[in-house]
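J.: Here it is, the structure, as structure tokens.
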Amino acid sequence: MLTFYHIVVIIINMEKKVTIYDIAREAGVSAATVSYVINNREGQTISEETKNKIWHVINMLNYKPNVFAKNLRSSSDSKLIAVCTENRGYIEKAEFVNLIEGLSSTLHENYGIIVYMPPYSRVSNADAILAYNVSKDTFYKIGNQNYIPLIAVNCLVEDKLFFQITADYTKLKRKADAYFGNEYCFVCLEPNDSELRKQISDTFEKVIFVNSGDDLQSINVQNMLTVHGIVAEFFKTKGTNLLYEDLYSSICKQTADCIQKALSREPFDIHAYKV
């Protein structure tokens, strides 16, 4: 994992044209090294860590080397967002569609969305990437392949270089405690990020993670909390005392806001949001 992600946020004068020397200064390397990396010059002993550091500084300073010109669209007002995920089954795919629909309706008309599935490599011609419900390893794999703004949704990155959006499970627990007043179970699609799974398990006394229709069929609880529409739809006719907290509109709204902030490349004090 790159130690570079702990760098101090760089404040730049947006009116000054960024040069290769600015990139070199902030990355702590020579201008020649930056040139070698940008132009993919072979025969140079430059470490992958240094290459990644240079590319991320290029992203933060919004530097557009000529090598990128062929990938630029004719309209600078139009933005393309690539959405990556690690869906493992039909239930997760259904929830992913909910997110895409919500994000499409939240972003204004000058934004386009493409879905990008594994195996992940360089994303062509996108302005930003949204990584939804991926493991931290996958998140950094995507980041190390692409040097454009990257936003994490349902993944605990905890890195000030990236915006992060997750559900506020502590707030959900308080609401469920007040609603049920006794024992209940939180039924949740299993996150791909192990740290997020642990956070959920540590927050609620009883949690059932589901991945498939068979998992849903095997659940037998009287009181249930869920944030997933497909789970709520399945149990609403089962006689279950159900509390469904629909977070999709809030997550999509916050994600859209973070996308716009990331594309502005301005420094922000807050990068992690809970909804």
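The way I read the labels, and the way they are meant: chains A, B, ... in the order of the structure tokens, residue 1 as the first residue of every chain, and ligand 1 as the first ligand shown, with later ones counted on from there.
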Residues of stretch 54-134 of chain A that have any atom at most 7 Å from an atom of stretch 252-275 of chain A: could you tabulate them with the shortest-distance atom pair and the distance in Å to one decimal, using only C-alpha atoms, ordered by chain and increasing number, as a tab-separated table?
T.:
residue	atom	partner	partner_atom	distance
A:Met60	CA	A:Arg265	CA	6.2
A:Leu99	CA	A:Cys252	CA	6.8
A:Gly102	CA	A:Cys252	CA	5.8
A:Leu103	CA	A:Cys252	CA	5.1
A:Thr106	CA	A:Lys253	CA	6.2
A:Leu107	CA	A:Ala256	CA	6.0
J.: Generate a file of the selected residues that holds N, CA, C and O atoms, formatted as a short mmCIF file (atom, residue, chain, number, x, y, z; two decimals), in the first residue's frame.
T.:
data_model
loop_
_atom_site.label_atom_id
_atom_site.label_comp_id
_atom_site.auth_asym_id
_atom_site.auth_seq_id
_atom_site.Cartn_x
_atom_site.Cartn_y
_atom_site.Cartn_z
N MET A 60 -4.00 15.54 -8.57
CA MET A 60 -4.37 16.57 -7.60
C MET A 60 -4.17 17.98 -8.16
O MET A 60 -4.95 18.88 -7.88
N LEU A 99 -28.60 1.84 -6.97
CA LEU A 99 -27.63 2.91 -6.81
C LEU A 99 -27.42 3.66 -8.13
O LEU A 99 -27.40 4.89 -8.16
N GLY A 102 -30.43 5.83 -8.87
CA GLY A 102 -30.46 6.98 -7.97
C GLY A 102 -29.39 7.99 -8.31
O GLY A 102 -29.64 9.21 -8.28
N LEU A 103 -28.21 7.52 -8.67
CA LEU A 103 -27.13 8.43 -9.02
C LEU A 103 -27.43 9.14 -10.33
O LEU A 103 -27.14 10.34 -10.47
N THR A 106 -29.77 11.93 -9.64
CA THR A 106 -29.24 12.96 -8.75
C THR A 106 -28.26 13.87 -9.48
O THR A 106 -28.27 15.09 -9.28
N LEU A 107 -27.40 13.29 -10.30
CA LEU A 107 -26.44 14.09 -11.06
C LEU A 107 -27.17 14.85 -12.16
O LEU A 107 -28.16 14.37 -12.71
#
J.: Looking only at the backbone, which of the residues in stretch 44-247 of chain A does DSSP tag as strand (DSSP E or B), as a PyMOL selection string?
T.: chain A and resi 79-85+111-116+128-132+150-153+163-166+185-189+207-210+223-226+241-244
J.: Show me, as a PyMOL selection string, the residues that have an atom within 7 Å of A:Phe209 when counting only C-alpha atoms, minus same-chain residues fewer than 2 positions from it.
T.: chain A and resi 187-190+207+211
J.: Near A:Asn144, within 9 Å and counting only C-alpha atoms, which residues show up once chain neighbours fewer than 6 positions away are dropped, as a list in words?
T.: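 In the requested format, the answer is Asn52, Trp55, His56 and Arg122 of chain A.
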J.: Could you go through stretch 15-230 of chain A and tell me which residues DSSP, when run on the backbone, assigns to alpha helix (DSSP H), listing them as a PyMOL selection string?
T.: chain A and resi 20-27+31-38+48-60+90-106+136-145+169-180+194-203+213-217+229-230
J.: Which residues come within 9 Å of stretch 155-158 of chain A, counting only C-alpha atoms, excluding same-chain residues fewer than 5 positions away, as a PyMOL selection string?
T.: chain A and resi 131-136+139-140+163-166+191-196+271-272
J.: For a quick check of understanding, using only C-alpha atoms, which of A:Thr203, A:Ser105, A:Asn182, A:Gln217 has the smallest distance to A:Asn241?
T.: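 Distance minimum relative to A:Asn241 lands on A:Asn182.
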J.: Which one is closest to A:Ala178: A:Val97, A:Leu161, A:Leu225, A:Ile200? Count only C-alpha atoms.
T.: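 Once distances to A:Ala178 are computed over only C-alpha atoms, the minimum belongs to A:Leu225.
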J.: Need the shell around stretch 232-236 of chain A: protein/DNA/RNA residues with any atom at most 10 Å away, counting only C-alpha atoms. Skip same-chain ones fewer than 6 positions apart. Format as a ChimeraX atom specification?
T.: /A:187,213,216-217,219,224-226,242-246
J.: Which of these, A:Gln199, A:Cys84, A:Lys171, A:Tyr111, has the shortest distance to A:Val153 once you count only C-alpha atoms?
T.: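 Of A:Gln199, A:Cys84, A:Lys171, A:Tyr111, the one nearest A:Val153 is A:Cys84, counting only C-alpha atoms.
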J.: Can you pull out the residues contacting A:Tyr147? Cut-off 12 Å, using only C-alpha atoms, and skip same-chain residues under 6 positions away; I want them as a list in words.
T.: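 My reading of the contact set: Ile38, Lys51, Asn52, Lys53, Ile54, Trp55, His56, Val57, Ile58, Asn59, Met60, Leu61, Asn62, Tyr63, Lys64, Phe68, Ser121, Arg122, Val123, Ser124, Asn125, Ala126, Asp127, Ala128, Ile129, Tyr140, Lys141, Leu161 and Phe162 of chain A.
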J.: Considering only C-alpha atoms, can you say which of A:Ala32, A:Asn87, A:Asp137, A:Asn39 comes closest to A:Met117?
T.: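 Answer, going by the shortest atom-to-atom distance: A:Asn87.
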